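The structure file final.txt is reproduced below (compact mmCIF, C-alpha atoms).
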# COMPACT_ATOMS: atom_id res chain seq x y z
CA MET A 407 0.19 12.88 19.02
CA GLY A 408 1.03 16.24 20.62
CA ILE A 409 1.18 18.10 17.31
CA VAL A 410 -0.89 21.16 16.43
CA LEU A 411 -2.54 20.30 13.12
CA PRO A 412 -3.22 23.09 10.58
CA ASP A 413 -6.79 23.60 9.42
CA THR A 414 -5.98 25.58 6.26
CA ILE A 415 -3.31 25.61 3.61
CA THR A 416 -2.15 28.64 1.60
CA ILE A 417 -1.76 27.80 -2.07
CA THR A 418 0.54 30.16 -3.91
CA ASN A 419 -0.56 28.92 -7.37
CA ILE A 420 -3.97 30.49 -6.88
CA ASN A 421 -3.20 32.96 -4.08
CA ALA A 422 -5.83 31.50 -1.78
CA SER A 423 -6.29 29.53 1.42
CA VAL A 424 -8.49 26.45 1.54
CA PRO A 425 -9.64 24.27 4.46
CA VAL A 426 -7.76 21.09 5.33
CA LYS A 427 -8.93 18.18 7.44
CA ILE A 428 -6.11 16.07 8.87
CA THR A 429 -6.83 12.70 10.42
CA SER A 430 -4.31 10.70 12.43
CA GLU A 431 -5.04 7.00 12.19
CA ARG A 432 -3.58 3.51 12.18
CA ARG A 433 -1.87 3.44 8.80
CA ARG A 434 1.66 3.24 7.38
CA SER A 435 1.54 5.74 4.57
CA LEU A 436 0.20 9.18 3.71
CA ARG A 437 -2.94 9.71 1.73
CA ALA A 438 -4.24 12.99 0.28
CA SER A 439 -7.49 13.72 -1.52
CA VAL A 440 -9.93 16.49 -2.44
CA GLY A 441 -13.25 16.49 -0.57
CA ALA A 442 -16.48 18.41 -1.00
CA SER A 443 -15.68 20.83 1.83
CA GLY A 444 -11.87 20.77 1.96
CA LEU A 445 -8.62 18.96 1.31
CA LEU A 446 -8.07 15.72 3.21
CA LEU A 447 -4.75 14.47 4.58
CA ARG A 448 -4.50 11.15 6.40
CA ILE A 449 -1.32 10.44 8.38
CA PRO A 450 -0.04 7.59 10.60
CA ASN A 451 -0.80 8.16 14.29
CA SER A 452 2.78 7.22 15.11
CA PHE A 453 4.18 10.39 13.55
CA ASN A 454 6.27 12.77 15.64
CA LYS A 455 6.67 16.47 14.84
CA VAL A 456 9.60 15.99 12.43
CA GLN A 457 7.71 13.31 10.52
CA PHE A 458 4.61 15.49 10.38
CA ASP A 459 6.61 18.47 9.09
CA ASN A 460 7.94 16.25 6.29
CA ALA A 461 4.42 15.01 5.60
CA TRP A 462 3.13 18.60 5.40
CA LEU A 463 5.89 19.48 2.95
CA TRP A 464 4.92 16.48 0.82
CA PHE A 465 1.26 17.48 1.03
CA THR A 466 2.01 21.08 0.02
CA ARG A 467 3.91 19.90 -3.05
CA TRP A 468 1.10 17.46 -3.88
CA VAL A 469 -1.48 20.25 -3.77
CA HIS A 470 0.51 22.57 -5.99
CA GLN A 471 1.22 19.83 -8.53
CA LEU A 472 -2.47 18.92 -8.54
CA ILE A 473 -3.45 22.48 -9.43
CA GLU A 474 -0.89 22.57 -12.24
CA THR A 475 -2.53 19.54 -13.88
CA LYS A 476 -6.14 20.38 -12.94
CA PRO A 477 -6.40 24.18 -12.51
CA ASN A 478 -10.08 24.25 -11.47
CA ILE A 479 -10.13 21.28 -9.12
CA LEU A 480 -10.14 23.39 -5.94
CA GLN A 481 -12.36 26.21 -7.11
CA HIS A 482 -15.31 24.86 -5.10
CA LEU A 483 -13.25 25.36 -1.92
CA ILE A 484 -12.48 29.03 -2.54
CA PRO A 485 -15.23 31.39 -1.31
CA ARG A 486 -16.72 33.59 -3.97
CA GLN A 487 -16.02 37.28 -3.45
CA TYR A 488 -18.76 39.87 -4.04
CA LYS A 489 -18.30 43.60 -4.52
CA HIS A 490 -20.79 46.43 -4.78
CA GLY A 491 -21.85 46.65 -8.43
CA ASP A 492 -21.09 43.01 -9.31
CA PHE A 493 -23.49 40.95 -11.41
CA ILE A 494 -24.71 37.39 -10.90
CA VAL A 495 -26.70 35.15 -13.26
CA VAL A 496 -29.41 33.06 -11.58
CA ARG A 497 -31.64 30.81 -13.71
CA GLY A 498 -30.60 32.78 -16.77
CA ILE A 499 -31.52 36.15 -15.24
CA VAL A 500 -28.83 38.79 -14.67
CA TYR A 501 -28.99 40.53 -11.28
CA LYS A 502 -26.97 43.51 -10.11
CA ILE A 503 -25.67 43.43 -6.54
CA VAL A 504 -25.92 46.57 -4.44
CA ILE A 505 -24.27 46.43 -1.01
CA ILE A 506 -25.14 49.00 1.64
CA THR A 507 -23.50 49.19 5.07
CA HIS A 508 -25.70 50.46 7.87
CA SER A 509 -25.38 50.99 11.61
CA LEU A 510 -27.81 48.25 12.61
CA LYS A 511 -26.55 44.78 13.51
CA ILE A 512 -29.20 43.07 11.39
CA SER A 513 -28.26 42.19 7.81
CA LYS A 514 -30.92 41.56 5.19
CA ALA A 515 -31.45 41.10 1.46
CA SER A 516 -34.25 42.25 -0.81
CA LEU A 517 -35.04 42.26 -4.51
CA ILE A 518 -35.82 45.73 -5.82
CA PRO A 519 -36.92 46.83 -9.33
CA ASN A 520 -34.70 46.30 -12.39
CA GLN A 521 -33.37 42.96 -11.11
CA VAL A 522 -31.29 44.48 -8.32
CA ILE A 523 -30.30 42.47 -5.25
CA GLN A 524 -30.00 44.98 -2.42
CA LEU A 525 -27.98 43.85 0.57
CA LYS A 526 -27.88 45.80 3.82
CA ILE A 527 -24.93 44.65 5.95
CA GLY A 528 -24.41 45.59 9.57
CA GLU A 529 -21.22 47.31 10.66
CA GLY A 530 -18.43 45.70 12.64
CA TYR A 531 -17.62 42.77 10.37
CA ASP A 532 -14.23 42.16 8.79
CA ALA A 533 -14.03 41.51 5.04
CA GLU A 534 -14.22 37.72 5.37
CA GLN A 535 -17.21 37.82 7.72
CA ALA A 536 -19.04 40.36 5.58
CA ASN A 537 -18.50 38.29 2.44
CA ALA A 538 -19.81 35.17 4.18
CA ILE A 539 -22.95 37.09 5.17
CA VAL A 540 -23.36 38.39 1.61
CA ARG A 541 -23.11 34.87 0.16
CA LYS A 542 -25.67 33.51 2.63
CA LEU A 543 -28.08 36.40 2.01
CA ILE A 544 -27.92 36.06 -1.77
CA ALA A 545 -28.42 32.29 -1.64
CA GLY A 546 -31.41 32.64 0.68
CA LEU A 547 -33.01 35.43 -1.34
CA MET A 548 -32.59 33.63 -4.65
CA ALA A 549 -34.03 30.43 -3.19
CA LYS A 550 -37.08 32.38 -2.02
CA VAL A 551 -37.50 34.27 -5.30
CA ASN A 552 -37.19 31.12 -7.41
CA LEU A 553 -39.32 28.73 -5.36
CA VAL A 554 -42.52 29.46 -7.30
CA PRO A 555 -41.02 29.23 -10.82
CA ILE A 556 -38.99 26.14 -9.90
CA THR A 557 -42.09 24.47 -8.47
CA ALA A 558 -43.93 25.34 -11.68
CA ARG A 559 -41.13 23.77 -13.72
CA VAL A 560 -41.23 20.61 -11.60
CA THR A 561 -44.99 20.43 -12.18
CA GLU A 562 -44.56 20.94 -15.92
CA LEU A 563 -41.85 18.28 -16.34
CA ASN A 564 -43.80 15.89 -14.17
CA LYS A 565 -46.89 16.34 -16.34
CA GLN A 566 -44.85 15.85 -19.53
CA HIS A 567 -43.01 12.70 -18.52
CA PHE A 568 -44.18 11.03 -15.30
CA ASN A 569 -47.58 12.03 -13.88
CA VAL A 570 -46.55 11.02 -10.39
CA ARG A 571 -47.68 12.62 -7.17
CA PHE A 572 -45.23 14.90 -5.37
CA ASN A 573 -45.88 16.85 -2.21
CA GLU A 574 -43.80 20.03 -2.37
CA VAL A 575 -40.54 21.54 -3.58
CA LYS A 576 -37.90 23.03 -1.31
CA ILE A 577 -34.68 24.87 -2.19
CA PRO A 578 -32.23 24.46 0.71
CA HIS A 579 -28.64 25.71 0.57
CA THR A 580 -26.97 22.29 0.51
CA HIS A 581 -23.51 21.34 -0.73
CA SER A 582 -23.39 17.56 -0.54
CA ARG A 583 -25.91 16.84 -3.29
CA TRP A 584 -27.74 18.58 -6.11
CA GLY A 585 -31.13 17.20 -5.24
CA SER A 586 -33.05 14.61 -3.26
CA CYS A 587 -36.58 13.35 -2.78
CA SER A 588 -38.32 11.74 0.16
CA THR A 589 -40.79 8.88 0.31
CA THR A 590 -43.42 11.48 1.23
CA GLY A 591 -42.92 13.23 -2.11
CA THR A 592 -40.86 16.24 -1.05
CA ILE A 593 -38.34 17.24 -3.71
CA ARG A 594 -35.31 19.22 -2.55
CA LEU A 595 -33.11 21.05 -5.04
CA SER A 596 -29.92 22.72 -3.87
CA SER A 597 -29.92 26.49 -4.21
CA ARG A 598 -26.54 26.09 -5.93
CA LEU A 599 -28.40 24.52 -8.83
CA LEU A 600 -29.95 27.94 -9.57
CA LEU A 601 -26.56 28.97 -10.94
CA ALA A 602 -26.53 26.15 -13.50
CA PRO A 603 -27.90 26.35 -17.08
CA LEU A 604 -31.65 25.81 -17.38
CA ASP A 605 -31.32 22.44 -19.12
CA VAL A 606 -29.06 21.21 -16.33
CA ILE A 607 -31.65 22.27 -13.75
CA ASP A 608 -34.21 20.33 -15.77
CA TYR A 609 -32.01 17.24 -15.62
CA VAL A 610 -31.82 17.29 -11.83
CA ILE A 611 -35.58 17.78 -11.62
CA ILE A 612 -36.13 14.81 -13.95
CA HIS A 613 -33.64 12.80 -11.90
CA GLU A 614 -35.58 13.41 -8.69
CA LEU A 615 -38.98 12.85 -10.30
CA SER A 616 -37.69 9.51 -11.57
CA HIS A 617 -36.87 8.58 -8.00
CA LEU A 618 -40.55 8.90 -7.12
CA ILE A 619 -41.05 5.84 -9.33
CA GLU A 620 -37.78 4.02 -8.72
CA PHE A 621 -36.15 4.78 -5.34
CA ASN A 622 -32.74 3.52 -6.47
CA HIS A 623 -30.27 3.85 -9.33
CA SER A 624 -31.26 0.64 -11.09
CA ASN A 625 -31.43 0.15 -14.85
CA LYS A 626 -35.16 0.88 -14.65
CA PHE A 627 -34.38 4.22 -12.98
CA TRP A 628 -31.88 5.30 -15.63
CA LYS A 629 -34.27 4.21 -18.36
CA LEU A 630 -36.86 6.60 -16.93
CA VAL A 631 -34.32 9.42 -16.95
CA GLU A 632 -33.15 8.64 -20.47
CA THR A 633 -36.70 8.48 -21.83
CA ALA A 634 -37.44 11.94 -20.43
CA MET A 635 -34.02 13.39 -21.37
CA PRO A 636 -32.04 11.31 -23.89
CA ASN A 637 -28.89 13.46 -23.50
CA TYR A 638 -28.93 13.43 -19.68
CA GLN A 639 -25.32 12.26 -19.56
CA GLU A 640 -24.21 15.59 -21.00
CA LYS A 641 -25.90 17.33 -18.07
CA GLU A 642 -24.26 15.02 -15.55
CA LYS A 643 -20.90 15.75 -17.16
CA TRP A 644 -21.53 19.50 -16.91
CA LEU A 645 -22.28 19.23 -13.19
CA LYS A 646 -19.12 17.22 -12.54
CA GLU A 647 -16.88 19.54 -14.54
CA ASN A 648 -18.45 22.84 -13.43
CA ASN A 649 -19.19 22.20 -9.77
CA TYR A 650 -17.14 25.27 -8.84
CA VAL A 651 -19.35 27.54 -10.98
CA CYS A 652 -22.42 26.71 -8.87
CA ARG A 653 -21.58 28.46 -5.64
CA PHE A 654 -22.97 31.60 -4.11

Final structure tokens representation of the file:
Amino acid sequence: MGIVLPDTITITNINASVPVKITSERRRSLRASVGASGLLLRIPNSFNKVQFDNAWLWFTRWVHQLIETKPNILQHLIPRQYKHGDFIVVRGIVYKIVIITHSLKISKASLIPNQVIQLKIGEGYDAEQANAIVRKLIAGLMAKVNLVPITARVTELNKQHFNVRFNEVKIPHTHSRWGSCSTTGTIRLSSRLLLAPLDVIDYVIIHELSHLIEFNHSNKFWKLVETAMPNYQEKEKWLKENNYVCRF
């Protein structure tokens, strides 16, 4: 097409930039949507530069109008910003964040007494790079710290409602789904889930344990979930409406 396609868009409503994926394809009209990792814009592959500029103007207006009607819809696309002295709540526990810059290139995180997350960040990073490192370090540390208690909770809920065999629990930093389970009995719970209320975490655990009996979303599956947690739909609703809250 010979046109340089933008990969971000600056949104004045919220004073932020978010990623954009533009695909040129065989189609006659424009289509815009919100994805898990960015905004999506699909345009006809026949467009020249003038037509694309008009399409981008239309897209910009569409984004701003979207935010006016649904103010939080893009929050999951805006990186969380951490400062020295900030607080974060993980599984109901309040942690203080202490950020130290040192001369070494290696960055690391540790949990020190009084629920303090200490982050040592190497020099030479700009603000955006440093914040990305901070987010990754916190997510990794909290996954490590919470693996034992989360595994214990999975064991407890399994004993209460299912009595099925599971192999192990892992807490990866995934964005596409809240949880998953394998045929070998490995249950994976996204580290983002650690930022949700405890009853919501329980729902996802119950959801995955139910899959060890029914590997589908059949009526039998949902009956298992409902028997273990009659108000599970409230938890699903919370996850859908508060996705942006659960991000490191």

Considering all atoms listed in the file, state which residue in the set A:Leu480, A:Ile619, A:Met548, A:Ala533 is at the smallest distance from Asn648 of chain A.
A:Leu480

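For the residues A:Val551, A:Ala461, A:Cys587, A:Ile417, ranking by smallest atom-to-atom distance to Ile499 of chain A using all atoms listed in the file places A:Val551 first.
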
Step by step, gather every atom of segment 443-449 of chain A that the file lists, find the box along x, y and z that holds them, add 3 Å on each side, and finally give centre and edge lengths in Å to one decimal, as AutoDock Vina command-line options.
--center_x -8.5 --center_y 15.6 --center_z 4.8 --size_x 20.4 --size_y 16.4 --size_z 13.1

Find the spatial neighbours of segment 652-654 of chain A, counting all atoms listed in the file, within a cut-off of 10 Å - ignore same-chain residues fewer than 5 positions away - and output them as a ChimeraX atom specification.
/A:481-488,494,496,538,540-546,548,579,581,596-603,645

Please identify all polymer residues within 8 Å of segment 520-529 of chain A, counting all atoms listed in the file, omitting same-chain residues fewer than 5 positions from it, and present them as a VMD selection string.
chain A and resid 500 to 515 536 539 to 540 543 to 544

Would you list the contacts of segment 421-438 of chain A as a short mmCIF file (atom, residue, chain, number, x, y, z; two decimals) with C-alpha atoms, in the frame of the given file, taking every protein, DNA or RNA residue within 8 Å and counting only C-alpha atoms, but skipping same-chain residues closer than 4 positions in sequence?
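Generated file (out_26.cif):
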data_model
loop_
_atom_site.label_atom_id
_atom_site.label_comp_id
_atom_site.auth_asym_id
_atom_site.auth_seq_id
_atom_site.Cartn_x
_atom_site.Cartn_y
_atom_site.Cartn_z
CA LEU A 411 -2.54 20.30 13.12
CA PRO A 412 -3.22 23.09 10.58
CA ASP A 413 -6.79 23.60 9.42
CA THR A 414 -5.98 25.58 6.26
CA ILE A 415 -3.31 25.61 3.61
CA THR A 416 -2.15 28.64 1.60
CA ILE A 417 -1.76 27.80 -2.07
CA SER A 443 -15.68 20.83 1.83
CA GLY A 444 -11.87 20.77 1.96
CA LEU A 445 -8.62 18.96 1.31
CA LEU A 446 -8.07 15.72 3.21
CA LEU A 447 -4.75 14.47 4.58
CA ARG A 448 -4.50 11.15 6.40
CA ILE A 449 -1.32 10.44 8.38
CA PRO A 450 -0.04 7.59 10.60
CA ASN A 451 -0.80 8.16 14.29
CA SER A 452 2.78 7.22 15.11
CA ALA A 461 4.42 15.01 5.60
CA PHE A 465 1.26 17.48 1.03
CA LEU A 483 -13.25 25.36 -1.92
CA ILE A 484 -12.48 29.03 -2.54
#

Among the residues A:Asn625, A:Thr633, A:Ser516, A:Glu620, the one that comes closest to Gln566 of chain A [using all atoms listed in the file]:
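The closest residue to Gln566 of chain A is A:Thr633.
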
What is the atom CA of Val575 of chain A-atom CA of Leu630 of chain A distance in Å, reported with one decimal?
20.4 Å

Find the distance between atom CA of Ser616 of chain A and atom CA of Val554 of chain A and write it in Å to one decimal.
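Separation between atom CA of Ser616 of chain A and atom CA of Val554 of chain A: 21.0 Å.
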
Shortest contact to His470 of chain A, candidates A:Val495, A:Leu595, A:Val456, A:Ile420, atoms counted only C-alpha atoms, goes to A:Ile420

Any idea what the distance is between atom CA of Trp464 of chain A and atom CA of Tyr650 of chain A?
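About the pair atom CA of Trp464 of chain A and atom CA of Tyr650 of chain A: they are 25.6 Å apart.
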
Please fill the gaps in segment 623-640 of chain A so it has N, CA and C atoms, and write that as a compact mmCIF listing (two decimals), in the frame of the given file.
# COMPACT_ATOMS: atom_id res chain seq x y z
N HIS A 623 -30.93 3.50 -8.07
CA HIS A 623 -30.27 3.85 -9.33
C HIS A 623 -30.14 2.60 -10.20
N SER A 624 -31.22 1.87 -10.30
CA SER A 624 -31.26 0.64 -11.09
C SER A 624 -31.35 0.98 -12.58
N ASN A 625 -31.27 -0.05 -13.41
CA ASN A 625 -31.43 0.15 -14.85
C ASN A 625 -32.79 0.75 -15.18
N LYS A 626 -33.82 0.34 -14.43
CA LYS A 626 -35.16 0.88 -14.65
C LYS A 626 -35.18 2.38 -14.38
N PHE A 627 -34.45 2.79 -13.32
CA PHE A 627 -34.38 4.22 -12.98
C PHE A 627 -33.75 5.00 -14.13
N TRP A 628 -32.58 4.56 -14.59
CA TRP A 628 -31.88 5.30 -15.63
C TRP A 628 -32.64 5.29 -16.95
N LYS A 629 -33.43 4.24 -17.16
CA LYS A 629 -34.27 4.21 -18.36
C LYS A 629 -35.33 5.30 -18.30
N LEU A 630 -35.89 5.52 -17.11
CA LEU A 630 -36.86 6.60 -16.93
C LEU A 630 -36.23 7.95 -17.24
N VAL A 631 -35.03 8.16 -16.72
CA VAL A 631 -34.32 9.42 -16.95
C VAL A 631 -34.03 9.61 -18.43
N GLU A 632 -33.53 8.56 -19.06
CA GLU A 632 -33.15 8.64 -20.47
C GLU A 632 -34.37 8.88 -21.37
N THR A 633 -35.49 8.28 -21.03
CA THR A 633 -36.70 8.48 -21.83
C THR A 633 -37.15 9.94 -21.78
N ALA A 634 -37.05 10.54 -20.59
CA ALA A 634 -37.44 11.94 -20.43
C ALA A 634 -36.39 12.90 -20.99
N MET A 635 -35.11 12.52 -20.90
CA MET A 635 -34.02 13.39 -21.37
C MET A 635 -32.92 12.50 -21.97
N PRO A 636 -32.99 12.22 -23.25
CA PRO A 636 -32.04 11.31 -23.89
C PRO A 636 -30.57 11.70 -23.73
N ASN A 637 -30.28 13.00 -23.63
CA ASN A 637 -28.89 13.46 -23.50
C ASN A 637 -28.53 13.80 -22.06
N TYR A 638 -29.14 13.12 -21.10
CA TYR A 638 -28.93 13.43 -19.68
C TYR A 638 -27.47 13.32 -19.27
N GLN A 639 -26.72 12.44 -19.94
CA GLN A 639 -25.32 12.26 -19.56
C GLN A 639 -24.49 13.52 -19.79
N GLU A 640 -24.89 14.32 -20.77
CA GLU A 640 -24.21 15.59 -21.00
C GLU A 640 -24.41 16.52 -19.81
